[in-house]
Amino acid sequence: MPDPMRIRAQAAGDKTTVRVLMSHEMETGLRKDAAGKTIPAWFIQEVTAQLNGKPVFAAEWGPSVSKNPFLQFVVKGAKAGDKIAITWRDNKGETRTDEATVS
Amino acid sequence: MRTRLIAATAAAFAAVATLPLMAQQPKTAADGIAEYRKMLEDGNPAELFEAKGEELWKTARGPKNATLEACDLGLGPGVVKGAWVQLPRYFADTKKVQDLESRLLTCMQTLQGFDAAEIANTPFDRGEQASVTALAAWISSSSRGMKMALPQKHAEEKRFYELGKRAFFFRGGPMDFSCASCHGEDGKRIRMQDLPNLTKNPGDGVGFAAWPAYRVSSGEMWSMQRRLNDCFRQQRFPYPGFGSDVTVALAVYMGVNAKGAESIAPALKR
């Protein structure tokens, strides 16, 4: 089971800034371990965000994104109390969804 | 009145004229790094480790299936807030000066039934070593913004300070290095990084007051023990034992010198 994300969503006027920290190894598949064996690629491929269940953001990621990635984006029209849900799926098919309340 | 107005306008003009000149001045390496840190500040992945550490503290684990909530970090059993800025300190139950990591090993052994020696011999980031690092991240975060205030009342604490000072100035290895070779005066650098002068208080959130920290370049969370381990490596010294007296003594020396510095741990490093 992957570790939880840290999500913060702060409204200012009609714009809400969402900050997400994801816990992921993000292996490129190009590195070798101490024994010289290639470490298999393992990275997040798909990130989506939903505001009260409605999709507002989708991204396709690759192996060039850093370990434990940080994502920030702005959503229009969210109000305090609204729910922001973030989902990622990696190349192994593993997925994690976390939710935060807009403040 | 009129002349004064003219004078004021002239002064304003002068100010405007110098502005573009100042903007053209080249950025120093330190400015660039400060800017980079500022940009990353909002998303310090150390937060992920803090969350993990808090959960580890409150979860019943180990052969005795117990939590660490009864662990005494120096301010009484279970008191976490403020504990970090007063470590290392003398503990009467173990009759030793201990830093956070070695104290955690004691608690994990006595409360949870883990084998402390086995954890100490585990490489960083593996198994229970990773737990110790996460716990250190959370415990230090509970003292964020507080000022370093290591106790120096007990005779052992004073002895460890002197021991740490000796270790800090001890030169050796193929490069004849001591900690003081790099960290003994102001304004020194390694590559582009400014090196704090650790023989005095280097300021808020610098040096001892900035660890544990998340290192962006390696994507790893480092406790002070790991930081010191790497200092020994850079000096081409043999690796010190995890939680060994010399590492604790060095922490006492740096921590006491940093008295009054604001802790920003867990910090973010390049």
# chains A, B, ... in the order shown; residues from 1 in each chain; ligands from 1
$ interface_residues --of "chain B" --to "chain A" --cutoff "8 Å" --atoms "only C-alpha atoms" --output "PyMOL selection string"
chain B and resi 43+45+47-48+219
$ write_last_selection --atoms "all heavy atoms" --output "short mmCIF file (atom, residue, chain, number, x, y, z; two decimals), in the first residue's frame"
data_model
loop_
_atom_site.label_atom_id
_atom_site.label_comp_id
_atom_site.auth_asym_id
_atom_site.auth_seq_id
_atom_site.Cartn_x
_atom_site.Cartn_y
_atom_site.Cartn_z
N GLY B 43 7.00 22.77 -0.89
CA GLY B 43 6.75 21.34 -1.06
C GLY B 43 7.89 20.51 -0.53
O GLY B 43 8.43 19.67 -1.25
N PRO B 45 9.49 17.54 0.81
CA PRO B 45 9.06 16.15 0.99
C PRO B 45 9.33 15.61 2.39
O PRO B 45 8.88 14.51 2.72
CB PRO B 45 9.87 15.38 -0.06
CG PRO B 45 10.26 16.41 -1.06
CD PRO B 45 10.47 17.67 -0.26
N GLU B 47 7.90 16.48 4.81
CA GLU B 47 6.55 16.34 5.36
C GLU B 47 6.04 14.91 5.27
O GLU B 47 5.32 14.45 6.15
CB GLU B 47 5.57 17.23 4.57
CG GLU B 47 5.38 18.59 5.16
CD GLU B 47 4.33 19.37 4.39
OE1 GLU B 47 3.25 18.81 4.18
OE2 GLU B 47 4.61 20.50 3.99
N LEU B 48 6.41 14.24 4.19
CA LEU B 48 5.98 12.84 4.02
C LEU B 48 6.57 11.97 5.12
O LEU B 48 5.94 11.05 5.62
CB LEU B 48 6.40 12.32 2.64
CG LEU B 48 5.82 13.05 1.44
CD1 LEU B 48 6.55 12.63 0.17
CD2 LEU B 48 4.34 12.76 1.30
N GLY B 219 17.12 12.59 -2.95
CA GLY B 219 15.77 12.18 -2.59
C GLY B 219 15.72 11.39 -1.30
O GLY B 219 14.94 10.47 -1.16
#
$ residues_around --residues "segment 49-58 of chain B" --least-positions-apart "5" --cutoff "8 Å" --atoms "only C-alpha atoms" --output "count of residues only"
13
$ closest_residue --among "B:Tyr253, B:Phe242, B:Phe124, B:Phe160" --to "Phe208 of chain B" --atoms "only C-alpha atoms"
B:Tyr253
$ select_by_dssp --residues "chain A" --states "strand (DSSP E or B)" --output "number ranges by chain"
A: 6-12, 15-21, 27, 32, 38, 42, 44-51, 54-60, 70-76, 83-90, 95-101
$ residues_around --residues "Ser64 of chain A" --least-positions-apart "3" --cutoff "12 Å" --atoms "only C-alpha atoms" --output "ChimeraX atom specification"
/A:25-30,41-45,60-61,67,69
$ write_last_selection --atoms "N, CA and C atoms" --output "tab-separated table (two decimals), in the first residue's frame"
chain	number	residue	atom	x	y	z
A	25	GLU	N	8.86	6.49	-5.36
A	25	GLU	CA	10.28	6.31	-5.69
A	25	GLU	C	10.66	6.96	-7.02
A	26	MET	N	9.77	6.92	-8.01
A	26	MET	CA	10.02	7.50	-9.32
A	26	MET	C	11.34	7.02	-9.93
A	27	GLU	N	11.49	5.70	-10.01
A	27	GLU	CA	12.70	5.13	-10.63
A	27	GLU	C	12.61	5.28	-12.15
A	28	THR	N	13.71	5.72	-12.74
A	28	THR	CA	13.69	5.98	-14.19
A	28	THR	C	13.82	4.70	-15.01
A	29	GLY	N	14.41	3.67	-14.41
A	29	GLY	CA	14.69	2.46	-15.18
A	29	GLY	C	16.06	2.51	-15.82
A	30	LEU	N	16.80	3.59	-15.57
A	30	LEU	CA	18.13	3.74	-16.16
A	30	LEU	C	19.24	3.55	-15.14
A	41	ALA	N	12.13	0.33	-14.00
A	41	ALA	CA	11.40	1.60	-13.98
A	41	ALA	C	10.16	1.48	-13.10
A	42	TRP	N	9.89	2.55	-12.38
A	42	TRP	CA	8.74	2.57	-11.48
A	42	TRP	C	8.39	4.02	-11.24
A	43	PHE	N	7.42	4.50	-11.98
A	43	PHE	CA	7.09	5.93	-11.85
A	43	PHE	C	5.60	6.17	-12.08
A	44	ILE	N	5.17	7.32	-11.62
A	44	ILE	CA	3.76	7.73	-11.78
A	44	ILE	C	3.53	8.12	-13.23
A	45	GLN	N	2.46	7.59	-13.83
A	45	GLN	CA	2.17	7.89	-15.23
A	45	GLN	C	0.99	8.83	-15.39
A	60	GLU	N	-0.14	13.62	-17.67
A	60	GLU	CA	0.61	12.40	-17.94
A	60	GLU	C	2.06	12.65	-17.56
A	61	TRP	N	2.58	11.81	-16.72
A	61	TRP	CA	3.95	11.98	-16.24
A	61	TRP	C	4.86	10.90	-16.78
A	67	LYS	N	11.80	12.15	-7.54
A	67	LYS	CA	11.33	11.31	-6.45
A	67	LYS	C	10.50	12.18	-5.50
A	69	PRO	N	7.45	13.58	-5.71
A	69	PRO	CA	7.14	14.80	-6.45
A	69	PRO	C	6.17	15.75	-5.76
$ atom_distance --atom1 "atom CA of Ala12 of chain A" --atom2 "atom CA of Val47 of chain A"
23.9 Å
$ closest_residue --among "B:Gln193, B:Ala155, B:Leu163, B:Gln234" --to "Cys179 of chain B" --atoms "only C-alpha atoms"
B:Gln234
$ closest_residue --among "B:Ala180, B:Lys269, B:Met148, B:Val80" --to "Ser217 of chain B" --atoms "only C-alpha atoms"
B:Lys269
$ closest_residue --among "B:Pro202, B:Pro63, B:Gly127, B:Gly172" --to "Ala261 of chain B" --atoms "only C-alpha atoms"
B:Pro202
$ residues_around --residues "Cys231 of chain B" --least-positions-apart "2" --cutoff "12 Å" --atoms "only C-alpha atoms" --output "PyMOL selection string"
chain B and resi 168+177-183+224-229+233-240+247+250
$ atom_distance --atom1 "atom CA of Ala70 of chain B" --atom2 "atom CA of Ala213 of chain B"
25.8 Å
$ residues_around --residues "Asp99 of chain B" --least-positions-apart "6" --cutoff "6 Å" --atoms "only C-alpha atoms" --output "VMD selection string"
chain B and resid 87 to 88 248
$ residues_around --residues "Ala120 of chain B" --least-positions-apart "2" --cutoff "12 Å" --atoms "only C-alpha atoms" --output "ChimeraX atom specification"
/B:101-106,108-109,114-118,122-133,225-226,240-244
$ write_last_selection --atoms "C-alpha atoms" --output "tab-separated table (two decimals), in the first residue's frame"
chain	number	residue	atom	x	y	z
B	101	GLU	CA	18.58	8.68	17.33
B	102	SER	CA	20.40	6.75	20.06
B	103	ARG	CA	17.60	7.61	22.48
B	104	LEU	CA	15.06	6.26	20.01
B	105	LEU	CA	17.04	3.02	19.81
B	106	THR	CA	16.84	2.75	23.62
B	108	MET	CA	12.58	0.87	20.66
B	109	GLN	CA	14.49	-1.77	22.63
B	114	PHE	CA	13.53	-4.41	19.05
B	115	ASP	CA	17.24	-5.24	19.10
B	116	ALA	CA	18.95	-1.83	19.28
B	117	ALA	CA	22.36	-3.19	18.24
B	118	GLU	CA	20.82	-4.80	15.18
B	122	THR	CA	21.42	-1.78	9.62
B	123	PRO	CA	22.40	0.42	6.65
B	124	PHE	CA	20.61	3.78	6.42
B	125	ASP	CA	17.17	3.76	4.78
B	126	ARG	CA	16.69	0.02	5.32
B	127	GLY	CA	14.31	-1.71	7.71
B	128	GLU	CA	14.03	-0.14	11.13
B	129	GLN	CA	16.75	2.41	10.30
B	130	ALA	CA	14.21	4.03	8.01
B	131	SER	CA	11.77	4.09	10.93
B	132	VAL	CA	14.34	5.89	13.11
B	133	THR	CA	14.84	8.52	10.40
B	225	GLN	CA	23.62	10.77	12.48
B	226	ARG	CA	23.62	10.30	8.73
B	240	PRO	CA	31.59	5.91	12.96
B	241	GLY	CA	29.21	3.50	14.66
B	242	PHE	CA	25.56	4.57	14.56
B	243	GLY	CA	24.82	6.49	17.75
B	244	SER	CA	28.41	6.06	18.95
$ residues_around --residues "Gln10 of chain A" --least-positions-apart "3" --cutoff "8 Å" --atoms "only C-alpha atoms" --output "count of residues only"
6
